[in-house]
Amino acid sequence: MQKPPLEDFALKETNPHLGGGKISGDKLTSTYDLVEQMQYLYVRVVKAKDLPSKDVTGGCDPYVEVKLGNYKGTTRHFEKKTNPEWNQVFAFSKDRIQASVLEVTVKDKDVVKDDFIGRVLFDLNEIPKRVPPDSPLAPQWYRLEDRKGDKAKGELMLAVWWGTQADEAFPEAWHSDAAAVSGADGLANIRSKVYLSPKLWYLRVNVIEAQDLIITDKGRFPEVSVKAILGNQVLKTRISQSRSINPMWNEDLMFVAADPFEEPLILSVEDRVGPNKDEVLGICTIQLQHVDRRLDHKPVNSRWFNLEKRIVVEGEKKEIKFASRLHMRICLEGGYHVLDESTHYSSDLRPTAKQLWKPSIGVLELGILNAQGLMPMKMKDGRQTTDAYCVAKYGQKWVRTRTIIDSFSPKWNEQYTWEVFDPCTVITVGVFDNCHLNGGDKGNGGARDSRIGKVRIRLSTLETDRVYTHSYPLLVLHPNGVKKMGEIQLAVRFTCSSLLNMMHMYSQPLLPKMHYIHPLTVGQLDNLRHQATQIVSMRLSRAEPPLRKEIVEYMLDVGSHKWSMRRSKANFFRIMGVLSGIIAVGRWFGQICNWKNPITTVLIHILFFILVMYPELILPTVFLYLFLIGVWYYRWRPRHPPHMDTRLSHADSVLPDELEEEFDTWPTSRPADIVRMRYDRLRFLAGRIQTVVGDLATQGERLQSLLSWRDPRATALFVIFCLVAAIVLYATPFQVVALLTGFYVLRHPRFRHKLPSVPLNFFRRLPARTDSML
C-alpha cells in the first residue's frame, strides 16, 4: 500500500464564499458563482467639451486624473484639443480604498507644471451599484468646478458605479493595484485575455513520380529525390530506385499546416551529384489555399505539376519553364486530430474538420480564486517580489488572468467556461511570474516569464454537477530538487447536458477513425507533434499581449519525452504497482496450496468442485465477484481530484546527479568525465535490461523447439506424450480430468517435494538459440 503524501504537498479541501450567494445542495445560485465576489469602484471617463485654453499659445492639451486616496490613474493626453474623447475605464479595489471621496480632475499638460482646469467630486456613499446582467450605466455630463467649489468652464462626461469582477468593463480597465506599471505595452501585459489555438491540419504530400527530367551530366545514372519545404519543416524522399529521367517514389511526406495558411509548399527535385552536393532539377510552389481537403480515407485525385528552374542571367534570377513534371497527390487531412499535446493528458481529441465534430456533452466551469504562500521570483528595487498570473488551457481555448502586482497571495477571482466534447480529457492550469511589466521585452532584455507550477485535472474523475473547491500545491522540479512554490485555490464544476451521450462516449475510439484506418507511425507522430507545438507557440506569441513561447511549451509539456533516470524509475515502479495485484494473488494461491489456513483451503476445494461440476457457473461467479468488489470499494472512492504526486514521480528521492542529468541541455554541455560516468551508468542499466529481454526470448524459443526437432529426443517424448494425452482425455470425462488436476495442484504439503516438477525440468532442458549468439 502506498504511503500517504507529505502533508506539505497534499491537496486541501477549502470552503470559500463563492459567488456571494447562497448554496443550494451542490449548486450555487449566482451567475458568477465559482469565485468570490470582489467589489470595485468603476470610473468611465468618456469625453469633455468646452475646455478653456491655458497655454500661452491659446491651445489646450487635456488629460484626466482619477484620484482615490493614494491611488491615481491618468488618461492619455491630446494635443491642442478642447473637446477630447478618451473612453477609458478605471477600477479601484474596494479592499484597498482608504478614502471617502473620489476626485476626477481635468488638467492641461505642460512642460514645467500641468495646469488645473477643473474637477468633479463624488461621495463614495452616494455612488450607485450595478450587477450584471443589468445594462451598463449611462454616462452623464458633469460641470467642472474649481478648487473652491465654484463652477468652472467646461464639462466632463463620466459614469461612476460600484460593481464586481463580473462587469464587462473589468478586463480592459486600468486597475489601482497596477498603478506602478508604465507604458501601453506594460498595461497590455497585465490584462486578462482569451486566446484560441490556430486550426491545425495534417498536410499529406504523396510524391508519385517525375517525368522528363533534364540531367546536366548525361553520362551517369541520376540519383533523384524530392525535397519538400513548408515553413520551418523540411522533409525529403528516398533516392528513387529507378535511376532514369522518369523516377518513381510513391512516398508520403507529412506536414503540419496552420490556418490561415501563410507559407506555400515548395517542392524541389534534386539530383545527388556528389557527397553532400545536390543539383536542383526543378522547383514547384503550391499555395495551400488551393489544396483539396479530405475528410475520410477515400483518396483525392492526383495531379501533374510543372517544374520551373531558376537561373541567373546578368545578375538577375529568372524562372524558365520546361517540360519536366512532377506527379503528386496532395491533400489537407481533416479526419485526423493534430496532436499538439501528450495523448496521456490531451484536452481535445476532435478531428480538424468541423463537419466531423459531434455535439458537446457538457460544460466545464473553472473559477481561479487565489494563490497562497507564493515564493519570491525576482528582485525589484532591492526587494523580493512576485507578479503572478494564471494560464488555463482546455481544447483550443487558452485563458490568461490579469497579473496581480507585487503580491505573494494574489486574488484573481476570475471564472471561465469551456464546452466539453469528451470526458476523458484534462484541463491544465499554470501559474507564472510576469517579467514584462515595463514595456515588454525592450526593458527586460528578452526576459522569460518564470514558471511557478501547474495543476492538471482529469474531467472523468469529477462527479457531474458538483463544485470542487480545493487548494492545489504548486510543485516544480528544480536542479536542486522538488520545491513547493505555493498553493493555488480553484473551484471546478463539470456539468453534463446528456448522461446518455456521455456514457456512449466511453464506447467510442479515443481518436478520430482516420488514426485507425490509416495510422501514422510513431516516428511520424513524434515529429508532427513537435512541429505542431512549434506552430502553436509561434502563433500565440504573436498575439497582443503575447502568450509567450516558454508558457505554451510548459503548458503543452514539450520535452516530457526526453530521457530522465527519475522518470524511468517512476515508470518502473508504476509497472510493479500494476503487477503487485497479480503477485498478491499468486502469493495467496501459494498459501492455499501450502495449507497455511486449512479452513480456507477446504472451502476453495469445495468451490473448485462446484465450478468443475457446473462449469456454466464459472463466468457468472467471476463477474459477481468483480461486482461485489466494486460495490465494496465504493465506500472508499476518491473524494478529491488527483494532483501532482511527488512520491509517485520519485521527485522526493531523486539523486542530485540524476537531476543534473535531467536538466542537461541537448546536446550535452557537461564535461567529458561526467558524460563518461553517465554513459557507463546507462551501459550498466542497459545490460540488465538486455539480460531480461534475452531470458524472455529464451523461454519463447524453448516453446518453439517443442515441435521443431532441434532436440530429437525431447520432441519425440513430447509428441508421444501428446498422443497419449489425446487418447486419455478422449476416454475420460473433462470434469474428472479437471478435478484430478485441481486436487493435485492443491495437495497437502506432506505430498509435495521441494524439487522442481517434471514438466518444469523437461521445459528447462529444451534448447534455445542462445548457442548461436556471438
# chains A, B, ... in the order shown; residues from 1 in each chain; ligands from 1
$ select_by_dssp --residues "segment 521-625 of chain A" --states "helix (DSSP H, G or I)" --output "ChimeraX atom specification"
/A:522-541,549-555,565-593,598-613,615-625
$ write_last_selection --atoms "C-alpha atoms" --output "CSV table (one decimal), in the first residue's frame"
chain,number,residue,atom,x,y,z
A,522,VAL,CA,5.3,6.5,-34.0
A,523,GLY,CA,8.2,8.4,-35.6
A,524,GLN,CA,5.8,10.5,-37.7
A,525,LEU,CA,3.6,11.3,-34.7
A,526,ASP,CA,6.6,12.4,-32.6
A,527,ASN,CA,7.9,14.7,-35.4
A,528,LEU,CA,4.4,16.1,-36.2
A,529,ARG,CA,3.7,16.8,-32.5
A,530,HIS,CA,7.0,18.7,-32.3
A,531,GLN,CA,6.1,20.8,-35.4
A,532,ALA,CA,2.5,21.4,-34.1
A,533,THR,CA,3.8,22.7,-30.7
A,534,GLN,CA,6.2,25.0,-32.5
A,535,ILE,CA,3.5,26.4,-34.7
A,536,VAL,CA,1.1,26.9,-31.8
A,537,SER,CA,3.7,28.6,-29.7
A,538,MET,CA,4.8,30.9,-32.6
A,539,ARG,CA,1.2,31.9,-33.4
A,540,LEU,CA,0.3,32.6,-29.8
A,541,SER,CA,3.5,34.6,-29.2
A,549,LYS,CA,6.8,30.6,-26.1
A,550,GLU,CA,8.0,29.4,-22.7
A,551,ILE,CA,4.4,29.5,-21.3
A,552,VAL,CA,3.0,27.5,-24.2
A,553,GLU,CA,5.8,24.9,-24.1
A,554,TYR,CA,5.4,24.4,-20.4
A,555,MET,CA,1.6,24.0,-20.7
A,565,MET,CA,16.5,8.5,-14.8
A,566,ARG,CA,14.0,9.7,-12.3
A,567,ARG,CA,11.1,9.3,-14.7
A,568,SER,CA,12.3,5.9,-15.8
A,569,LYS,CA,12.4,4.7,-12.1
A,570,ALA,CA,8.9,6.1,-11.6
A,571,ASN,CA,7.6,4.2,-14.6
A,572,PHE,CA,9.3,1.0,-13.4
A,573,PHE,CA,7.6,1.2,-10.0
A,574,ARG,CA,4.3,2.1,-11.7
A,575,ILE,CA,4.6,-1.2,-13.6
A,576,MET,CA,5.4,-3.0,-10.4
A,577,GLY,CA,2.4,-1.4,-8.8
A,578,VAL,CA,0.2,-2.7,-11.6
A,579,LEU,CA,1.7,-6.2,-11.3
A,580,SER,CA,1.5,-6.2,-7.5
A,581,GLY,CA,-2.1,-7.3,-7.6
A,582,ILE,CA,-1.2,-10.4,-9.7
A,583,ILE,CA,1.8,-11.1,-7.4
A,584,ALA,CA,-0.5,-10.8,-4.4
A,585,VAL,CA,-3.0,-13.3,-5.9
A,586,GLY,CA,-0.1,-15.7,-6.7
A,587,ARG,CA,1.1,-15.5,-3.0
A,588,TRP,CA,-2.4,-16.1,-1.8
A,589,PHE,CA,-2.8,-19.1,-4.1
A,590,GLY,CA,0.6,-20.4,-2.8
A,591,GLN,CA,-0.7,-20.1,0.8
A,592,ILE,CA,-3.8,-22.1,-0.3
A,593,CYS,CA,-1.7,-24.8,-1.9
A,598,PRO,CA,-6.8,-25.2,6.4
A,599,ILE,CA,-10.3,-23.9,6.6
A,600,THR,CA,-9.8,-21.5,3.6
A,601,THR,CA,-8.1,-24.3,1.6
A,602,VAL,CA,-11.0,-26.7,2.3
A,603,LEU,CA,-13.5,-24.0,1.2
A,604,ILE,CA,-11.5,-23.5,-2.0
A,605,HIS,CA,-11.6,-27.2,-2.6
A,606,ILE,CA,-15.4,-27.2,-2.3
A,607,LEU,CA,-15.8,-24.1,-4.6
A,608,PHE,CA,-13.5,-25.7,-7.1
A,609,PHE,CA,-15.5,-28.9,-7.1
A,610,ILE,CA,-18.8,-27.0,-7.6
A,611,LEU,CA,-17.3,-25.0,-10.5
A,612,VAL,CA,-16.0,-28.1,-12.2
A,613,MET,CA,-19.3,-30.0,-11.9
A,615,PRO,CA,-19.0,-25.1,-15.4
A,616,GLU,CA,-21.8,-22.8,-16.5
A,617,LEU,CA,-21.3,-21.0,-13.2
A,618,ILE,CA,-17.7,-20.0,-13.8
A,619,LEU,CA,-18.2,-16.7,-15.7
A,620,PRO,CA,-21.3,-15.6,-13.6
A,621,THR,CA,-19.2,-16.3,-10.4
A,622,VAL,CA,-16.3,-14.2,-11.7
A,623,PHE,CA,-18.4,-11.2,-12.7
A,624,LEU,CA,-20.4,-11.4,-9.5
A,625,TYR,CA,-17.2,-11.4,-7.5
$ select_by_dssp --residues "segment 446-606 of chain A" --states "strand (DSSP E or B)" --output "PyMOL selection string"
chain A and resi 450-458+464+467-478+481-496
$ closest_residue --among "A:Ala768, A:Leu339, A:Ala91, A:Leu366" --to "Glu701 of chain A" --atoms "only C-alpha atoms"
A:Ala768
$ atom_distance --atom1 "atom CA of Val101 of chain A" --atom2 "atom CA of Val66 of chain A"
11.1 Å
$ atom_distance --atom1 "atom CA of Arg542 of chain A" --atom2 "atom CA of Leu288 of chain A"
21.5 Å
$ residues_around --residues "segment 449-463 of chain A" --least-positions-apart "2" --cutoff "6 Å" --atoms "only C-alpha atoms" --output "PDB file with C-alpha atoms, in the first residue's frame"
ATOM      1  CA  PRO A 423     -14.980  13.412 -20.591  1.00  0.00           C
ATOM      2  CA  CYS A 424     -11.617  11.630 -20.850  1.00  0.00           C
ATOM      3  CA  THR A 425      -9.730  14.896 -21.255  1.00  0.00           C
ATOM      4  CA  VAL A 426      -7.573  17.062 -18.998  1.00  0.00           C
ATOM      5  CA  ILE A 427      -7.566  20.766 -18.168  1.00  0.00           C
ATOM      6  CA  THR A 428      -4.188  22.299 -17.310  1.00  0.00           C
ATOM      7  CA  VAL A 429      -3.779  25.384 -15.115  1.00  0.00           C
ATOM      8  CA  GLY A 430      -0.354  27.009 -14.819  1.00  0.00           C
ATOM      9  CA  VAL A 431       0.891  29.865 -12.612  1.00  0.00           C
ATOM     10  CA  PHE A 432       3.666  32.162 -13.854  1.00  0.00           C
ATOM     11  CA  ASP A 433       5.612  35.235 -12.804  1.00  0.00           C
ATOM     12  CA  ASN A 434       5.293  38.177 -15.200  1.00  0.00           C
ATOM     13  CA  CYS A 435       8.682  39.608 -16.191  1.00  0.00           C
ATOM     14  CA  ARG A 466     -20.589  19.040  -8.062  1.00  0.00           C
ATOM     15  CA  LEU A 474       2.279  24.183  -6.924  1.00  0.00           C
ATOM     16  CA  LEU A 475       5.252  21.857  -7.339  1.00  0.00           C
ATOM     17  CA  VAL A 476       8.221  22.500  -9.602  1.00  0.00           C
ATOM     18  CA  MET A 485       6.229  27.253  -4.829  1.00  0.00           C
TER      19      MET A 485
END
$ residues_around --residues "Phe751 of chain A" --least-positions-apart "6" --cutoff "12 Å" --atoms "only C-alpha atoms" --output "compact mmCIF listing (two decimals) with all heavy atoms, in the first residue's frame"
# COMPACT_ATOMS: atom_id res chain seq x y z
N CYS A 593 -2.27 -23.50 -1.52
CA CYS A 593 -1.67 -24.79 -1.88
C CYS A 593 -0.86 -25.38 -0.72
O CYS A 593 -0.75 -26.60 -0.59
CB CYS A 593 -0.78 -24.63 -3.11
SG CYS A 593 -1.69 -24.21 -4.61
N ASN A 594 -0.27 -24.51 0.11
CA ASN A 594 0.54 -24.98 1.23
C ASN A 594 -0.26 -25.13 2.52
O ASN A 594 0.31 -25.38 3.57
CB ASN A 594 1.72 -24.02 1.47
CG ASN A 594 2.75 -24.10 0.36
OD1 ASN A 594 3.15 -25.19 -0.03
ND2 ASN A 594 3.16 -22.95 -0.16
N TRP A 595 -1.56 -24.97 2.45
CA TRP A 595 -2.47 -25.20 3.57
C TRP A 595 -2.10 -24.32 4.79
O TRP A 595 -2.13 -24.79 5.94
CB TRP A 595 -2.50 -26.67 3.97
CG TRP A 595 -3.14 -27.55 2.91
CD1 TRP A 595 -2.66 -27.82 1.68
CD2 TRP A 595 -4.39 -28.24 3.02
NE1 TRP A 595 -3.51 -28.64 0.98
CE2 TRP A 595 -4.59 -28.93 1.79
CE3 TRP A 595 -5.35 -28.37 4.03
CZ2 TRP A 595 -5.71 -29.71 1.54
CZ3 TRP A 595 -6.46 -29.15 3.78
CH2 TRP A 595 -6.65 -29.80 2.55
N PHE A 743 -7.10 -31.02 -7.68
CA PHE A 743 -6.75 -31.58 -6.37
C PHE A 743 -5.25 -31.90 -6.28
O PHE A 743 -4.67 -31.83 -5.20
CB PHE A 743 -7.58 -32.84 -6.10
CG PHE A 743 -9.04 -32.54 -5.82
CD1 PHE A 743 -10.03 -33.43 -6.18
CD2 PHE A 743 -9.39 -31.36 -5.18
CE1 PHE A 743 -11.37 -33.14 -5.91
CE2 PHE A 743 -10.73 -31.07 -4.91
CZ PHE A 743 -11.72 -31.95 -5.28
N TYR A 744 -4.66 -32.23 -7.43
CA TYR A 744 -3.20 -32.48 -7.42
C TYR A 744 -2.45 -31.18 -7.12
O TYR A 744 -1.50 -31.15 -6.32
CB TYR A 744 -2.76 -33.07 -8.76
CG TYR A 744 -1.27 -33.24 -8.88
CD1 TYR A 744 -0.62 -34.31 -8.25
CD2 TYR A 744 -0.49 -32.32 -9.59
CE1 TYR A 744 0.76 -34.46 -8.33
CE2 TYR A 744 0.89 -32.46 -9.68
CZ TYR A 744 1.50 -33.54 -9.05
OH TYR A 744 2.86 -33.69 -9.14
N VAL A 745 -2.90 -30.08 -7.75
CA VAL A 745 -2.24 -28.78 -7.52
C VAL A 745 -2.44 -28.33 -6.07
O VAL A 745 -1.53 -27.75 -5.45
CB VAL A 745 -2.78 -27.73 -8.51
CG1 VAL A 745 -2.26 -26.33 -8.14
CG2 VAL A 745 -2.37 -28.07 -9.93
$ atom_distance --atom1 "atom CA of Ile488 of chain A" --atom2 "atom CA of Ser192 of chain A"
17.5 Å
$ closest_atom_pairs --of "segment 495-562 of chain A" --to "segment 655-674 of chain A" --cutoff "12 Å" --atoms "only C-alpha atoms" --output "tab-separated table"
residue	atom	partner	partner_atom	distance
A:Gly559	CA	A:Glu662	CA	10.5
A:Ser560	CA	A:Glu662	CA	10.5
A:His561	CA	A:Glu662	CA	11.3
A:Lys562	CA	A:Glu662	CA	8.2
$ closest_residue --among "A:Cys331, A:Leu121, A:Leu235, A:Met248" --to "Val205 of chain A" --atoms "only C-alpha atoms"
A:Cys331
$ residues_around --residues "Gln508 of chain A" --least-positions-apart "5" --cutoff "12 Å" --atoms "only C-alpha atoms" --output "PyMOL selection string"
chain A and resi 349+358+422-424+501-503+513
$ write_last_selection --atoms "N, CA and C atoms" --output "PDB file, in the first residue's frame"
ATOM      1  N   LEU A 349      -9.720  15.970 -28.472  1.00  0.00           N
ATOM      2  CA  LEU A 349      -9.491  14.792 -29.307  1.00  0.00           C
ATOM      3  C   LEU A 349     -10.321  14.846 -30.587  1.00  0.00           C
ATOM      4  N   LYS A 358     -18.800  16.034 -33.149  1.00  0.00           N
ATOM      5  CA  LYS A 358     -20.043  15.573 -32.537  1.00  0.00           C
ATOM      6  C   LYS A 358     -20.533  16.633 -31.553  1.00  0.00           C
ATOM      7  N   ASP A 422     -15.544  15.460 -24.770  1.00  0.00           N
ATOM      8  CA  ASP A 422     -15.110  14.135 -24.345  1.00  0.00           C
ATOM      9  C   ASP A 422     -14.742  14.212 -22.863  1.00  0.00           C
ATOM     10  N   PRO A 423     -15.299  13.325 -22.028  1.00  0.00           N
ATOM     11  CA  PRO A 423     -14.980  13.412 -20.591  1.00  0.00           C
ATOM     12  C   PRO A 423     -13.575  12.958 -20.258  1.00  0.00           C
ATOM     13  N   CYS A 424     -12.959  12.168 -21.140  1.00  0.00           N
ATOM     14  CA  CYS A 424     -11.617  11.630 -20.850  1.00  0.00           C
ATOM     15  C   CYS A 424     -10.545  12.608 -21.313  1.00  0.00           C
ATOM     16  N   ASN A 501     -25.393  10.472 -23.659  1.00  0.00           N
ATOM     17  CA  ASN A 501     -24.329  10.770 -24.630  1.00  0.00           C
ATOM     18  C   ASN A 501     -22.956  10.594 -24.007  1.00  0.00           C
ATOM     19  N   MET A 502     -22.819  10.996 -22.736  1.00  0.00           N
ATOM     20  CA  MET A 502     -21.514  10.861 -22.086  1.00  0.00           C
ATOM     21  C   MET A 502     -21.168   9.392 -21.883  1.00  0.00           C
ATOM     22  N   MET A 503     -22.135   8.561 -21.478  1.00  0.00           N
ATOM     23  CA  MET A 503     -21.867   7.136 -21.326  1.00  0.00           C
ATOM     24  C   MET A 503     -21.522   6.496 -22.671  1.00  0.00           C
ATOM     25  N   LYS A 513     -11.473   8.293 -36.380  1.00  0.00           N
ATOM     26  CA  LYS A 513     -11.302   6.979 -37.021  1.00  0.00           C
ATOM     27  C   LYS A 513     -10.148   6.929 -38.017  1.00  0.00           C
TER      28      LYS A 513
END
